[in-house]
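Asks: The structure follows.
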Amino acid sequence: MLKVSDLHVKFHTRNREAVGGVSFEVADGEIVGLVGESGSGKTVTAMSIGGLLDREICDARGEITVDGIEVLSANEKELRRIKGKMIGIVFQEPSAASDPLMKIGLQVEEVLRIHTDMDKKERREAALEALRMADLKEPEKVYGLYPFELSGGMMQRVMIAAAIVIRPKLLLLDEPTTALDVTTQREIINLLIKLNESCGTSMLFISHDLNVVRKLCDRVIVMKRGAIVENGDTEEVFSSPKHDYTKTLLRSIPFIEGAKKA
């Protein structure tokens, strides 16, 4: 599904590369966690995959393919098609990623208006189905509300609905549970597991919270200073970490018990 080969990213204002030669894959239906402290390069890696880096402020080289289609060398028209039909993105702060003056239903439908030939009725039905899939109660009511009328947890579900409405092959999730309370965080994790199992959607889950990664992900990739230092089965990495940096990360975070991906 996703293949990243020798990815290098350097911002023009910095002396060293933000990402220095990263290579990894995400298989069909796999959930992979990308972890590391702030500045490790995990978000820049995800933005590169999603075609979100401003090419005027940084240089990127290497190869990124999503379902066999190359991202880094794509022109603006090709990038719009890739982002619209193949990749869904969920950010940490739903309030920052939403339009406060636009009703929820129209925001969920937006990608359908841009990238499909659906008529108004078809878009509404698709949006309502996505809201249902995101476990939002009373989707018809939510459809007509504004962002300020919903809680943070509900808005994160709306952002997930907007990301999956076009049935993308890959979901990029950048710290989607960080700003949520523990109970809501657990609900979002369970929702992602359900979506993965029911739709087979591949996911790259970026986080610094190893508790969440352990519950959700099949495999975990550990980054430090723009490089991958460990990559393996989640339980193997957690029970027998090989790199000293991974061991330090694991020692620094108290683990909590809870349901995890089967």
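By convention here, the chains of the structure tokens are called A, B, ... in the order presented, each chain's residues are numbered starting at 1, and ligands are numbered starting at 1 in the order presented.
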At a cut-off of 6 Å, using only C-alpha atoms, what residues contact segment 202-213 of chain A? Leave out same-chain residues fewer than 2 positions from it and give the result as a PyMOL selection string.
Replies: chain A and resi 28-36+170-175+215-217+255
Asks: Counting only C-alpha atoms, what is within 12 Å of Met102 of chain A, bar same-chain residues fewer than 2 positions away, as a list in words?
Replies: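 Listed by chain and then number, they are Ala97, Ser98, Asp99, Pro100, Ile104, Gly105, Leu106, Gln107, Val108, Glu109, Glu110, Tyr143, Gly144, Leu145, Tyr146, Pro147, Phe148 and Glu149 of chain A.
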Asks: How would you write, as a ChimeraX atom specification, the set of residues in segment 54-202 of chain A that DSSP gives as alpha helix (DSSP H)?
Replies: /A:76-85,104-115,120-133,139-143,152-164,182-199
Asks: Mind pulling up the distance from atom CA of Val220 of chain A to atom CA of Gly232 of chain A?
Replies: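 According to the coordinates, atom CA of Gly232 of chain A and atom CA of Val220 of chain A are separated by 5.8 Å.
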Asks: Tell me, as a list in words, which residues lie within 10 Å of Met223 of chain A, counting only C-alpha atoms; anything in the same chain fewer than 5 positions away does not count.
Replies: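 Counting only the stated atoms, we get Val19, Val22, Leu34, Val35, Gly36, Glu37, Gly39, Ser40, Gly41, Lys42, Ile228, Val229, Glu230, Asn231, Tyr245 and Thr246 of chain A.
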Asks: Enumerate, as a list in words, the complete set of residues in segment 134-247 of chain A that a backbone-based DSSP assignment places in strand (DSSP E).
Replies: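 Assigned to strand (DSSP E), within segment 134-247 of chain A: Leu170, Leu171, Leu172, Leu173, Asp174, Ser202, Met203, Leu204, Phe205, Ile206, Ser207, Arg219, Val220, Ile221, Val222, Met223, Lys224, Ala227, Ile228, Val229, Glu230, Asn231, Gly232 and Asp233 of chain A.
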Asks: Write a file of the selected residues as a short mmCIF file (atom, residue, chain, number, x, y, z; two decimals), in the first residue's frame, keeping C-alpha atoms.
Replies:
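Full text of result.cif as output:
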```cif
data_model
loop_
_atom_site.label_atom_id
_atom_site.label_comp_id
_atom_site.auth_asym_id
_atom_site.auth_seq_id
_atom_site.Cartn_x
_atom_site.Cartn_y
_atom_site.Cartn_z
CA LEU A 170 -4.54 5.02 3.46
CA LEU A 171 -5.27 7.08 6.57
CA LEU A 172 -2.58 9.37 7.99
CA LEU A 173 -3.33 10.16 11.62
CA ASP A 174 -1.12 12.81 13.25
CA SER A 202 -4.23 0.96 6.02
CA MET A 203 -3.16 3.48 8.67
CA LEU A 204 -0.02 5.34 9.63
CA PHE A 205 -0.52 6.54 13.20
CA ILE A 206 1.88 9.27 14.35
CA SER A 207 2.14 9.65 18.10
CA ARG A 219 3.90 -2.61 13.98
CA VAL A 220 5.88 0.31 15.37
CA ILE A 221 8.61 2.46 13.84
CA VAL A 222 10.81 4.50 16.17
CA MET A 223 12.42 7.70 14.87
CA LYS A 224 15.22 9.82 16.34
CA ALA A 227 16.24 8.55 11.19
CA ILE A 228 14.58 5.21 11.94
CA VAL A 229 16.31 3.47 14.83
CA GLU A 230 13.90 0.56 15.27
CA ASN A 231 11.14 -1.06 13.22
CA GLY A 232 9.29 -4.21 14.22
CA ASP A 233 6.23 -6.01 15.52
#
```
Asks: Kindly indicate which residue among A:Cys199, A:Ile64, A:Leu192, A:Met155 lies nearest to Ala179 of chain A, using only C-alpha atoms for the distances.
Replies: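 Closest residue, counting only C-alpha atoms: A:Met155.
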Asks: Restricting the calculation to only C-alpha atoms, which member of A:Met133, A:Val4, A:Ile166, A:Leu180 is positioned closest to Ile114 of chain A?
Replies: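 Between A:Met133, A:Val4, A:Ile166, A:Leu180, the residue approaching Ile114 of chain A most closely is A:Ile166.
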Asks: When distances are computed from only C-alpha atoms, which of A:Ala96, A:Leu79, A:Ala18, A:Ala27 shows the smallest separation from Asp67 of chain A?
Replies: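 Of all the options, A:Ala27 lies closest to Asp67 of chain A.
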Asks: Figure out the distance between atom CA of Pro94 of chain A and atom CA of Arg55 of chain A, please, to one decimal in Å.
Replies: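 Separation of atom CA of Arg55 of chain A and atom CA of Pro94 of chain A: 24.9 Å.
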Asks: Rounded to one decimal in Å, what is the spacing between atom CA of Lys83 of chain A and atom CA of Asp6 of chain A?
Replies: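 Calculated distance between atom CA of Lys83 of chain A and atom CA of Asp6 of chain A is 21.5 Å.
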Asks: Ranking A:Glu122, A:Asp54, A:Glu236, A:Glu25 by minimum distance to Val66 of chain A and counting only C-alpha atoms, which one comes first?
Replies: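 Residue with the minimum atom-to-atom distance to Val66 of chain A: A:Glu25.
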Asks: Excluding same-chain residues fewer than 5 positions from Asp135 of chain A, what lies within 10 Å of it counting only C-alpha atoms, as an MDAnalysis selection string?
Replies: chainID A and resid 129:130 154 157:158 161 187:188 191
Asks: For all heavy atoms, I'd like the residues from the last selection saved as a short mmCIF file (atom, residue, chain, number, x, y, z; two decimals), in the first residue's frame.
Replies:
```
data_model
loop_
_atom_site.label_atom_id
_atom_site.label_comp_id
_atom_site.auth_asym_id
_atom_site.auth_seq_id
_atom_site.Cartn_x
_atom_site.Cartn_y
_atom_site.Cartn_z
N GLU A 129 -23.52 8.49 6.04
CA GLU A 129 -22.96 7.16 6.26
C GLU A 129 -21.59 7.26 6.93
O GLU A 129 -21.27 6.48 7.84
CB GLU A 129 -22.85 6.41 4.94
CG GLU A 129 -22.22 5.03 5.04
CD GLU A 129 -22.99 4.08 5.96
OE1 GLU A 129 -24.20 4.31 6.20
OE2 GLU A 129 -22.39 3.10 6.45
N ALA A 130 -20.77 8.22 6.51
CA ALA A 130 -19.46 8.41 7.13
C ALA A 130 -19.60 8.82 8.59
O ALA A 130 -18.84 8.37 9.45
CB ALA A 130 -18.66 9.45 6.36
N MET A 154 -16.29 14.72 19.74
CA MET A 154 -17.21 14.62 18.61
C MET A 154 -16.60 15.23 17.35
O MET A 154 -16.75 14.69 16.25
CB MET A 154 -18.54 15.30 18.96
CG MET A 154 -19.34 14.59 20.04
SD MET A 154 -20.86 15.47 20.46
CE MET A 154 -21.88 15.13 19.02
N ARG A 157 -14.26 12.87 15.75
CA ARG A 157 -15.01 11.88 14.99
C ARG A 157 -15.48 12.47 13.64
O ARG A 157 -15.48 11.77 12.62
CB ARG A 157 -16.22 11.40 15.79
CG ARG A 157 -15.86 10.55 17.01
CD ARG A 157 -17.10 10.20 17.80
NE ARG A 157 -16.78 9.48 19.01
CZ ARG A 157 -16.60 8.17 19.10
NH1 ARG A 157 -16.76 7.43 18.01
NH2 ARG A 157 -16.30 7.59 20.24
N VAL A 158 -15.86 13.74 13.66
CA VAL A 158 -16.25 14.39 12.41
C VAL A 158 -15.07 14.43 11.44
O VAL A 158 -15.22 14.17 10.24
CB VAL A 158 -16.75 15.83 12.69
CG1 VAL A 158 -16.86 16.63 11.37
CG2 VAL A 158 -18.11 15.79 13.38
N ALA A 161 -14.66 11.12 9.99
CA ALA A 161 -15.70 10.92 8.97
C ALA A 161 -15.33 11.61 7.67
O ALA A 161 -15.49 11.06 6.57
CB ALA A 161 -17.04 11.44 9.49
N GLU A 187 -12.23 5.65 23.17
CA GLU A 187 -13.30 5.49 22.19
C GLU A 187 -12.78 5.69 20.76
O GLU A 187 -13.17 4.97 19.85
CB GLU A 187 -14.41 6.49 22.50
CG GLU A 187 -15.17 6.19 23.80
CD GLU A 187 -16.15 7.28 24.15
OE1 GLU A 187 -16.12 8.35 23.48
OE2 GLU A 187 -16.93 7.10 25.10
N ILE A 188 -11.90 6.67 20.57
CA ILE A 188 -11.34 6.93 19.24
C ILE A 188 -10.46 5.76 18.80
O ILE A 188 -10.50 5.35 17.63
CB ILE A 188 -10.55 8.25 19.23
CG1 ILE A 188 -11.47 9.44 19.48
CG2 ILE A 188 -9.80 8.41 17.91
CD1 ILE A 188 -12.53 9.66 18.43
N LEU A 191 -12.68 3.06 17.71
CA LEU A 191 -13.26 3.41 16.42
C LEU A 191 -12.28 3.13 15.28
O LEU A 191 -12.66 2.55 14.25
CB LEU A 191 -13.64 4.89 16.41
CG LEU A 191 -14.01 5.51 15.05
CD1 LEU A 191 -15.22 4.80 14.45
CD2 LEU A 191 -14.26 7.00 15.20
#
```
Asks: As a PyMOL selection string, please: the residues near Ile164 of chain A (cut-off 7 Å, only C-alpha atoms, same-chain neighbours under 4 positions excluded).
Replies: chain A and resi 88+130+160+168
Asks: Grab the residues selected above and save them as a PDB file, in the first residue's frame with N, CA and C atoms.
Replies:
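Output file result.pdb follows:
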```
ATOM      1  N   GLY A  88      -6.506   9.795   3.263  1.00  0.00           N
ATOM      2  CA  GLY A  88      -7.284  10.594   4.203  1.00  0.00           C
ATOM      3  C   GLY A  88      -6.372  11.024   5.334  1.00  0.00           C
ATOM      4  N   ALA A 130     -20.775   8.218   6.511  1.00  0.00           N
ATOM      5  CA  ALA A 130     -19.459   8.407   7.132  1.00  0.00           C
ATOM      6  C   ALA A 130     -19.601   8.823   8.590  1.00  0.00           C
ATOM      7  N   ILE A 160     -12.582  12.373  11.332  1.00  0.00           N
ATOM      8  CA  ILE A 160     -12.387  11.009  10.843  1.00  0.00           C
ATOM      9  C   ILE A 160     -13.414  10.695   9.761  1.00  0.00           C
ATOM     10  N   PRO A 168     -10.697   6.193   1.399  1.00  0.00           N
ATOM     11  CA  PRO A 168      -9.290   6.202   0.997  1.00  0.00           C
ATOM     12  C   PRO A 168      -8.614   4.864   1.309  1.00  0.00           C
TER      13      PRO A 168
END
```
Asks: As a list in words, please: the residues near Thr65 of chain A (cut-off 6 Å, only C-alpha atoms, same-chain neighbours under 2 positions excluded).
Replies: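 So the residues in contact are Leu2, Lys3, Gly68, Ile69, Glu70 and Val71 of chain A.
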